[in-house]
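Dropping query-v9.tsv in here (TSV, C-alpha atoms):
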```tsv
chain	number	residue	atom	x	y	z
A	1	MET	CA	-23.42	-52.81	21.05
A	2	SER	CA	-21.48	-55.72	22.46
A	3	VAL	CA	-17.69	-55.74	22.72
A	4	LYS	CA	-17.59	-58.38	19.98
A	5	GLY	CA	-19.81	-56.24	17.74
A	6	ALA	CA	-17.64	-53.18	18.36
A	7	ARG	CA	-14.53	-55.17	17.41
A	8	ILE	CA	-16.18	-56.34	14.19
A	9	VAL	CA	-17.14	-52.77	13.27
A	10	ALA	CA	-13.61	-51.54	14.09
A	11	ALA	CA	-12.07	-54.33	12.01
A	12	ALA	CA	-14.38	-53.54	9.09
A	13	LEU	CA	-13.47	-49.85	9.23
A	14	ALA	CA	-9.76	-50.68	9.36
A	15	LEU	CA	-10.12	-53.05	6.42
A	16	THR	CA	-11.96	-50.39	4.43
A	17	ALA	CA	-9.16	-47.91	5.11
A	18	LEU	CA	-6.53	-50.42	4.03
A	19	CYS	CA	-8.41	-51.22	0.83
A	20	ALA	CA	-7.83	-47.80	-0.73
A	21	CYS	CA	-6.21	-49.70	-3.59
A	22	ASP	CA	-9.36	-51.72	-4.28
A	23	LYS	CA	-11.14	-50.62	-7.45
A	24	HIS	CA	-14.64	-51.19	-6.07
A	25	THR	CA	-13.97	-49.45	-2.77
A	26	GLN	CA	-12.39	-46.54	-4.57
A	27	ALA	CA	-15.06	-46.26	-7.22
A	28	SER	CA	-17.72	-45.98	-4.57
A	29	HIS	CA	-15.57	-43.68	-2.42
A	30	ASN	CA	-15.82	-40.23	-3.97
A	31	SER	CA	-14.57	-41.14	-7.44
A	32	SER	CA	-16.81	-38.37	-8.69
A	33	MET	CA	-14.44	-35.97	-6.92
A	34	ALA	CA	-11.54	-36.83	-9.23
A	35	LEU	CA	-10.90	-35.02	-12.46
A	36	GLN	CA	-13.30	-36.35	-15.08
A	37	MET	CA	-13.08	-37.20	-18.77
A	38	GLY	CA	-13.42	-34.15	-20.99
A	39	GLU	CA	-11.88	-31.77	-18.45
A	40	SER	CA	-8.63	-29.95	-19.11
A	41	ALA	CA	-5.74	-31.52	-17.26
A	42	PRO	CA	-4.22	-29.21	-14.63
A	43	ARG	CA	-0.75	-27.98	-15.63
A	44	VAL	CA	0.90	-28.53	-12.27
A	45	ARG	CA	4.65	-28.35	-11.75
A	46	THR	CA	5.89	-31.63	-10.29
A	47	LYS	CA	9.33	-32.95	-9.40
A	48	THR	CA	11.43	-34.61	-12.05
A	49	LEU	CA	14.47	-36.81	-11.78
A	50	ALA	CA	16.63	-33.74	-12.48
A	51	ASP	CA	14.98	-31.88	-9.56
A	52	VAL	CA	16.12	-34.58	-7.12
A	53	GLY	CA	19.65	-34.89	-8.46
A	54	GLY	CA	18.95	-38.24	-10.11
A	55	ASP	CA	18.03	-39.87	-6.76
A	56	LEU	CA	14.93	-41.94	-7.55
A	57	SER	CA	14.32	-42.65	-3.87
A	58	ARG	CA	13.49	-38.95	-3.43
A	59	ILE	CA	10.74	-39.07	-6.05
A	60	THR	CA	9.14	-42.52	-5.71
A	61	THR	CA	8.53	-45.38	-3.31
A	62	TYR	CA	8.52	-47.82	-6.24
A	63	ARG	CA	11.09	-50.61	-5.80
A	64	GLN	CA	11.74	-50.98	-9.54
A	65	PRO	CA	11.36	-47.49	-10.98
A	66	ASP	CA	11.90	-46.71	-14.63
A	67	GLU	CA	13.76	-43.40	-15.00
A	68	ARG	CA	11.73	-42.54	-18.09
A	69	MET	CA	8.61	-42.05	-15.90
A	70	TYR	CA	10.29	-39.18	-14.04
A	71	GLN	CA	11.80	-37.16	-16.89
A	72	TYR	CA	8.94	-34.67	-17.21
A	73	SER	CA	6.99	-32.50	-14.85
A	74	VAL	CA	3.26	-32.78	-15.55
A	75	ASP	CA	3.18	-29.22	-16.91
A	76	GLN	CA	6.14	-29.96	-19.23
A	77	ALA	CA	4.51	-33.16	-20.51
A	78	LEU	CA	1.24	-31.38	-21.24
A	79	GLU	CA	3.09	-28.67	-23.16
A	80	SER	CA	4.97	-31.24	-25.27
A	81	GLY	CA	2.10	-31.86	-27.68
A	82	LYS	CA	2.24	-35.60	-26.98
A	83	PRO	CA	-0.42	-37.68	-25.23
A	84	VAL	CA	0.31	-38.40	-21.57
A	85	LEU	CA	-0.44	-41.39	-19.35
A	86	LEU	CA	-0.41	-40.09	-15.78
A	87	GLU	CA	-0.39	-42.78	-13.11
A	88	PHE	CA	-1.05	-41.95	-9.48
A	89	ALA	CA	0.33	-44.83	-7.44
A	90	THR	CA	2.08	-45.16	-4.10
A	91	PRO	CA	3.59	-48.65	-4.11
A	92	ALA	CA	5.00	-48.29	-0.59
A	93	HIS	CA	1.52	-48.97	0.77
A	94	CYS	CA	-0.36	-50.40	-2.21
A	95	THR	CA	0.35	-53.84	-3.74
A	96	PRO	CA	-1.98	-53.25	-6.73
A	97	CYS	CA	-0.02	-50.05	-7.42
A	98	ASP	CA	3.14	-52.11	-7.88
A	99	ARG	CA	1.40	-54.42	-10.38
A	100	GLN	CA	-0.10	-51.44	-12.21
A	101	LEU	CA	3.32	-49.81	-12.59
A	102	GLN	CA	4.78	-53.07	-13.96
A	103	MET	CA	2.13	-53.06	-16.70
A	104	ILE	CA	2.75	-49.40	-17.46
A	105	LYS	CA	6.46	-50.09	-17.83
A	106	SER	CA	5.60	-52.73	-20.44
A	107	LEU	CA	3.34	-50.30	-22.28
A	108	GLN	CA	6.02	-47.65	-22.14
A	109	GLN	CA	8.42	-50.05	-23.83
A	110	GLU	CA	5.95	-50.46	-26.70
A	111	TYR	CA	4.76	-46.84	-27.04
A	112	GLN	CA	7.92	-44.95	-26.12
A	113	GLY	CA	8.29	-41.89	-28.31
A	114	LYS	CA	4.58	-41.75	-29.10
A	115	MET	CA	3.47	-40.60	-25.67
A	116	ILE	CA	4.82	-39.61	-22.27
A	117	PHE	CA	4.39	-41.84	-19.23
A	118	ILE	CA	4.53	-40.23	-15.79
A	119	HIS	CA	4.28	-41.82	-12.35
A	120	MET	CA	3.16	-39.64	-9.44
A	121	ASP	CA	3.85	-40.92	-5.93
A	122	GLN	CA	1.70	-39.45	-3.18
A	123	TYR	CA	4.67	-38.83	-0.90
A	124	SER	CA	6.67	-36.82	-3.41
A	125	SER	CA	3.83	-35.22	-5.40
A	126	PRO	CA	0.98	-34.27	-3.06
A	127	GLU	CA	0.33	-31.15	-5.15
A	128	ALA	CA	-0.51	-33.32	-8.18
A	129	TYR	CA	-2.88	-35.48	-6.13
A	130	LYS	CA	-4.64	-32.32	-5.00
A	131	ALA	CA	-4.77	-30.72	-8.47
A	132	TYR	CA	-6.19	-33.89	-10.05
A	133	ARG	CA	-8.51	-34.46	-7.06
A	134	VAL	CA	-7.28	-38.03	-6.60
A	135	PRO	CA	-8.58	-39.49	-3.31
A	136	GLY	CA	-6.57	-42.73	-3.49
A	137	ASP	CA	-4.48	-44.90	-5.72
A	138	PRO	CA	-3.84	-46.39	-8.16
A	139	TRP	CA	-5.57	-43.89	-10.41
A	140	THR	CA	-4.93	-43.58	-14.13
A	141	PHE	CA	-5.44	-40.62	-16.45
A	142	VAL	CA	-4.82	-40.64	-20.19
A	143	ILE	CA	-4.60	-37.15	-21.62
A	144	ASP	CA	-4.68	-36.25	-25.31
A	145	ARG	CA	-2.31	-33.95	-27.22
A	146	ARG	CA	-4.42	-30.89	-26.39
A	147	GLY	CA	-4.33	-31.55	-22.64
A	148	VAL	CA	-7.86	-32.96	-22.33
A	149	VAL	CA	-8.53	-35.98	-20.12
A	150	ARG	CA	-9.77	-38.76	-22.42
A	151	PHE	CA	-9.62	-41.64	-19.94
A	152	GLU	CA	-9.84	-41.82	-16.16
A	153	GLU	CA	-9.98	-44.97	-14.05
A	154	ALA	CA	-9.79	-45.66	-10.34
A	155	GLY	CA	-8.13	-48.84	-9.14
A	156	SER	CA	-6.00	-51.45	-10.81
A	157	MET	CA	-6.62	-52.37	-14.42
A	158	LEU	CA	-5.92	-55.19	-16.83
A	159	TYR	CA	-3.15	-54.80	-19.40
A	160	ASN	CA	-5.58	-54.74	-22.33
A	161	GLU	CA	-7.64	-52.01	-20.61
A	162	LEU	CA	-4.52	-49.86	-20.21
A	163	GLU	CA	-3.40	-50.51	-23.77
A	164	SER	CA	-6.83	-49.63	-25.13
A	165	ALA	CA	-6.77	-46.34	-23.21
A	166	VAL	CA	-3.32	-45.55	-24.62
A	167	GLN	CA	-4.36	-46.40	-28.18
A	168	SER	CA	-7.43	-44.19	-27.87
A	169	VAL	CA	-5.25	-41.04	-27.85
A	170	LEU	CA	-2.60	-42.03	-30.40
```
For this file, produce the structure as structure tokens.
Amino acid sequence: MSVKGARIVAAALALTALCACDKHTQASHNSSMALQMGESAPRVRTKTLADVGGDLSRITTYRQPDERMYQYSVDQALESGKPVLLEFATPAHCTPCDRQLQMIKSLQQEYQGKMIFIHMDQYSSPEAYKAYRVPGDPWTFVIDRRGVVRFEEAGSMLYNELESAVQSVL
């Protein structure tokens, strides 16, 4: 292979690695490994805002975090008897993650009290990424009152897709 060809291959591999946030790349990259619809959601203990003394920077890389997304550990949320939207997103290295979290904040405003919204950041919650078998982000799970995954989607979504997933468990 020529030097130019090697550079093109290297650039393509680097671009693929950087596109972990891309829905199509992610869907074709081991999405079957992630927890699937119909499976019981793992009851993993994750950090809450109380666990980090109220310091949001110790629980998320999101620039505009909403404290309500960090009130519950995943296991606590699943035991609450309310549906849960669990968003895996690491905005420090993923622009679509930032947009996804903005939409979720809007949904939370509308559906607050009816369900629990939780954001998991890869840097502060690697155990949750492992338990849910999430290979990249953003990744969205909507879990019903009984703790069963009813919706799972890799990559960024449209607002109406997110809202439809939320409404499906209410």
Up to 12 Å from (-2.2, -27.3, -6.3) in the file's coordinates: name the residues, counting only C-alpha atoms, as number ranges by chain. A: 42-46, 125-134
Between CA of Pro96 in chain A and CA of Leu162 in chain A, distance in Å (one decimal): 14.1 Å
Could you give me, as a PyMOL selection string, the residues within 12 Å of Ser73 in chain A, counting all atoms listed in the file and dropping anything in the same chain fewer than 3 positions from it? chain A and resi 42-51+59+68-70+76-80+84+86+116-120+125+127-128
Using all atoms listed in the file, what table do you get, as JSON lines, when you list each residue of range 45-105 of chain A with an atom no more than 6 Å from range 135-143 of chain A, its nearest pair of atoms, and their distance in Å rounded to one decimal, rows by chain then rising number?
```
{"residue": "A:Pro83", "atom": "CA", "partner": "A:Ile143", "partner_atom": "CA", "distance": 5.5}
{"residue": "A:Val84", "atom": "CA", "partner": "A:Ile143", "partner_atom": "CA", "distance": 5.1}
{"residue": "A:Leu85", "atom": "CA", "partner": "A:Val142", "partner_atom": "CA", "distance": 4.5}
{"residue": "A:Leu86", "atom": "CA", "partner": "A:Phe141", "partner_atom": "CA", "distance": 5.1}
{"residue": "A:Glu87", "atom": "CA", "partner": "A:Thr140", "partner_atom": "CA", "distance": 4.7}
{"residue": "A:Phe88", "atom": "CA", "partner": "A:Trp139", "partner_atom": "CA", "distance": 5.0}
{"residue": "A:Ala89", "atom": "CA", "partner": "A:Pro138", "partner_atom": "CA", "distance": 4.5}
{"residue": "A:Cys97", "atom": "CA", "partner": "A:Pro138", "partner_atom": "CA", "distance": 5.3}
```
Within 9 Å of Ser168 in chain A, counting all atoms listed in the file, which residues qualify if same-chain residues fewer than 2 places away don't, as a ChimeraX atom specification? /A:142,144,150-151,163-166,170
As an exercise, work out the distance from CA of Ala41 in chain A to CA of Val149 in chain A in Å and give it to one decimal place.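 Spanning CA of Ala41 in chain A to CA of Val149 in chain A is a straight-line distance of 6.0 Å.
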What does the distance between CA of Asp121 in chain A and CA of Thr60 in chain A come to in Å, to one decimal place?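 Going from CA of Asp121 in chain A over to CA of Thr60 in chain A, I get 5.5 Å.
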Between A:Gln71, A:Gln100, A:Ser40, A:Thr61, which one has atoms that come closest to Ala154 in chain A, using all atoms listed in the file?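 Comparing A:Gln71, A:Gln100, A:Ser40, A:Thr61 against Ala154 in chain A, the winner is A:Gln100.
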